[in-house]
Amino acid sequence: MVEQRTHKPLVAGSIPAPGAAAPGPNDLTVKHPVPANVQTILDRACMDCHSNHTRYPWYAEVQPVRWWLDLDIADGKRHLNFSDYGAYSVKRATKKAEEIGSEVREHEMPPMTYSWMHPGARLTPEEIRLLSDWSARLRDELGAPKP
Ligand code: HEC
């Protein structure tokens, strides 16, 4: 599937990473504006498996790689889909926000098998800290819904 690449900003003032697609109505960013520096990391390291905007690499044409990628993507999206995040219950969204922090701090995400083939997806300690701090803010935001 080839996504139409539009270059609308995801939130005012943010710069979409190359390949970033326009957000749908339930996209995370619709309810929870994401800082540009965090969005860039998410686009690079997470969105292939946790959004409806998968960018298949060239080798996805090769079976069974495509089959294997589809399994991982489907499973990743089932657990956490940033394109549906805005429709999650507060309870589910809060839990996922907490898990984002722990998964990246424990180097569980992005999965090692993915990083082998996408060295660019590896997170630096600084990026892990950025994602972890952002996920904590996201959780706090959900814990205190605005009137
Ligand atoms: C190659 C695909 C892939 C990439 C890239 C990826 N994930 Fe995942 N993710 C998965 C799969 C598959 C699961 C479910 C199985 C598991 O927990 O290992 C998962 C599970 C998770 C969970 C747990 C959700 C739950 O309910 O248990 C979180 C949180 C998460 N990922 C966050 C991230 C973040 C943040 C990034 C980027 C830094 C990322 N993932 C990158 C495939 C991916």
# chains A, B, ... in the order shown; residues from 1 in each chain; ligands from 1
>>> closest_atom_pairs(of="chain A", to="ligand 1", cutoff="9 Å", atoms="only C-alpha atoms and all ligand atoms", output="JSON lines")
{"residue": "A:Ile41", "atom": "CA", "partner": "ligand 1", "partner_atom_place_in_ligand_line": "38 (C)", "distance": 7.2}
{"residue": "A:Leu42", "atom": "CA", "partner": "ligand 1", "partner_atom_place_in_ligand_line": "37 (C)", "distance": 5.7}
{"residue": "A:Asp43", "atom": "CA", "partner": "ligand 1", "partner_atom_place_in_ligand_line": "37 (C)", "distance": 8.2}
{"residue": "A:Arg44", "atom": "CA", "partner": "ligand 1", "partner_atom_place_in_ligand_line": "37 (C)", "distance": 7.9}
{"residue": "A:Ala45", "atom": "CA", "partner": "ligand 1", "partner_atom_place_in_ligand_line": "37 (C)", "distance": 4.6}
{"residue": "A:Cys46", "atom": "CA", "partner": "ligand 1", "partner_atom_place_in_ligand_line": "37 (C)", "distance": 3.4}
{"residue": "A:Met47", "atom": "CA", "partner": "ligand 1", "partner_atom_place_in_ligand_line": "5 (C)", "distance": 6.6}
{"residue": "A:Asp48", "atom": "CA", "partner": "ligand 1", "partner_atom_place_in_ligand_line": "5 (C)", "distance": 5.7}
{"residue": "A:Cys49", "atom": "CA", "partner": "ligand 1", "partner_atom_place_in_ligand_line": "2 (C)", "distance": 4.3}
{"residue": "A:His50", "atom": "CA", "partner": "ligand 1", "partner_atom_place_in_ligand_line": "7 (N)", "distance": 6.3}
{"residue": "A:Leu69", "atom": "CA", "partner": "ligand 1", "partner_atom_place_in_ligand_line": "1 (C)", "distance": 7.1}
{"residue": "A:Leu71", "atom": "CA", "partner": "ligand 1", "partner_atom_place_in_ligand_line": "12 (C)", "distance": 7.6}
{"residue": "A:Asp72", "atom": "CA", "partner": "ligand 1", "partner_atom_place_in_ligand_line": "12 (C)", "distance": 4.5}
{"residue": "A:Ile73", "atom": "CA", "partner": "ligand 1", "partner_atom_place_in_ligand_line": "2 (C)", "distance": 5.4}
{"residue": "A:Ala74", "atom": "CA", "partner": "ligand 1", "partner_atom_place_in_ligand_line": "12 (C)", "distance": 7.3}
{"residue": "A:Asp75", "atom": "CA", "partner": "ligand 1", "partner_atom_place_in_ligand_line": "12 (C)", "distance": 4.5}
{"residue": "A:Gly76", "atom": "CA", "partner": "ligand 1", "partner_atom_place_in_ligand_line": "11 (C)", "distance": 3.5}
{"residue": "A:Lys77", "atom": "CA", "partner": "ligand 1", "partner_atom_place_in_ligand_line": "10 (C)", "distance": 7.2}
{"residue": "A:Arg78", "atom": "CA", "partner": "ligand 1", "partner_atom_place_in_ligand_line": "14 (C)", "distance": 7.6}
{"residue": "A:His79", "atom": "CA", "partner": "ligand 1", "partner_atom_place_in_ligand_line": "26 (O)", "distance": 4.4}
{"residue": "A:Leu80", "atom": "CA", "partner": "ligand 1", "partner_atom_place_in_ligand_line": "24 (C)", "distance": 5.4}
{"residue": "A:Arg92", "atom": "CA", "partner": "ligand 1", "partner_atom_place_in_ligand_line": "26 (O)", "distance": 8.8}
{"residue": "A:Lys95", "atom": "CA", "partner": "ligand 1", "partner_atom_place_in_ligand_line": "26 (O)", "distance": 7.8}
{"residue": "A:Lys96", "atom": "CA", "partner": "ligand 1", "partner_atom_place_in_ligand_line": "29 (C)", "distance": 5.5}
{"residue": "A:Ala97", "atom": "CA", "partner": "ligand 1", "partner_atom_place_in_ligand_line": "29 (C)", "distance": 7.0}
{"residue": "A:Glu98", "atom": "CA", "partner": "ligand 1", "partner_atom_place_in_ligand_line": "29 (C)", "distance": 7.4}
{"residue": "A:Glu99", "atom": "CA", "partner": "ligand 1", "partner_atom_place_in_ligand_line": "29 (C)", "distance": 4.3}
{"residue": "A:Ile100", "atom": "CA", "partner": "ligand 1", "partner_atom_place_in_ligand_line": "29 (C)", "distance": 3.7}
{"residue": "A:Gly101", "atom": "CA", "partner": "ligand 1", "partner_atom_place_in_ligand_line": "29 (C)", "distance": 7.2}
{"residue": "A:Ser102", "atom": "CA", "partner": "ligand 1", "partner_atom_place_in_ligand_line": "29 (C)", "distance": 7.4}
{"residue": "A:Glu103", "atom": "CA", "partner": "ligand 1", "partner_atom_place_in_ligand_line": "29 (C)", "distance": 5.7}
{"residue": "A:Val104", "atom": "CA", "partner": "ligand 1", "partner_atom_place_in_ligand_line": "38 (C)", "distance": 6.0}
{"residue": "A:His107", "atom": "CA", "partner": "ligand 1", "partner_atom_place_in_ligand_line": "38 (C)", "distance": 8.8}
{"residue": "A:Glu108", "atom": "CA", "partner": "ligand 1", "partner_atom_place_in_ligand_line": "18 (O)", "distance": 7.2}
{"residue": "A:Met109", "atom": "CA", "partner": "ligand 1", "partner_atom_place_in_ligand_line": "39 (C)", "distance": 4.6}
{"residue": "A:Pro110", "atom": "CA", "partner": "ligand 1", "partner_atom_place_in_ligand_line": "41 (C)", "distance": 3.7}
{"residue": "A:Pro111", "atom": "CA", "partner": "ligand 1", "partner_atom_place_in_ligand_line": "4 (C)", "distance": 5.8}
{"residue": "A:Met112", "atom": "CA", "partner": "ligand 1", "partner_atom_place_in_ligand_line": "1 (C)", "distance": 8.3}
{"residue": "A:Thr113", "atom": "CA", "partner": "ligand 1", "partner_atom_place_in_ligand_line": "1 (C)", "distance": 7.2}
{"residue": "A:Tyr114", "atom": "CA", "partner": "ligand 1", "partner_atom_place_in_ligand_line": "1 (C)", "distance": 4.9}
{"residue": "A:Ser115", "atom": "CA", "partner": "ligand 1", "partner_atom_place_in_ligand_line": "5 (C)", "distance": 7.7}
{"residue": "A:His118", "atom": "CA", "partner": "ligand 1", "partner_atom_place_in_ligand_line": "5 (C)", "distance": 8.9}
{"residue": "A:Ala121", "atom": "CA", "partner": "ligand 1", "partner_atom_place_in_ligand_line": "5 (C)", "distance": 7.5}
{"residue": "A:Arg122", "atom": "CA", "partner": "ligand 1", "partner_atom_place_in_ligand_line": "38 (C)", "distance": 8.2}
{"residue": "A:Leu123", "atom": "CA", "partner": "ligand 1", "partner_atom_place_in_ligand_line": "38 (C)", "distance": 7.3}
{"residue": "A:Ile128", "atom": "CA", "partner": "ligand 1", "partner_atom_place_in_ligand_line": "38 (C)", "distance": 8.1}
{"residue": "A:Leu131", "atom": "CA", "partner": "ligand 1", "partner_atom_place_in_ligand_line": "35 (C)", "distance": 7.4}
{"residue": "A:Ser132", "atom": "CA", "partner": "ligand 1", "partner_atom_place_in_ligand_line": "35 (C)", "distance": 8.9}
{"residue": "A:Ser135", "atom": "CA", "partner": "ligand 1", "partner_atom_place_in_ligand_line": "35 (C)", "distance": 8.9}
>>> residues_around(residues="stretch 23-25 of chain A", least_positions_apart="4", cutoff="8 Å", atoms="only C-alpha atoms", output="list of chain:residue names")
A:Leu10, A:Thr29, A:Val30, A:Ser83, A:Gly86
>>> atom_distance(atom1="atom CA of A:Arg55", atom2="atom CA of A:Val34")
20.5 Å
>>> residues_around(residues="A:Glu141", least_positions_apart="6", cutoff="12 Å", atoms="only C-alpha atoms", output="ChimeraX atom specification")
/A:31-33,90,93-94,97-98,134-135,147
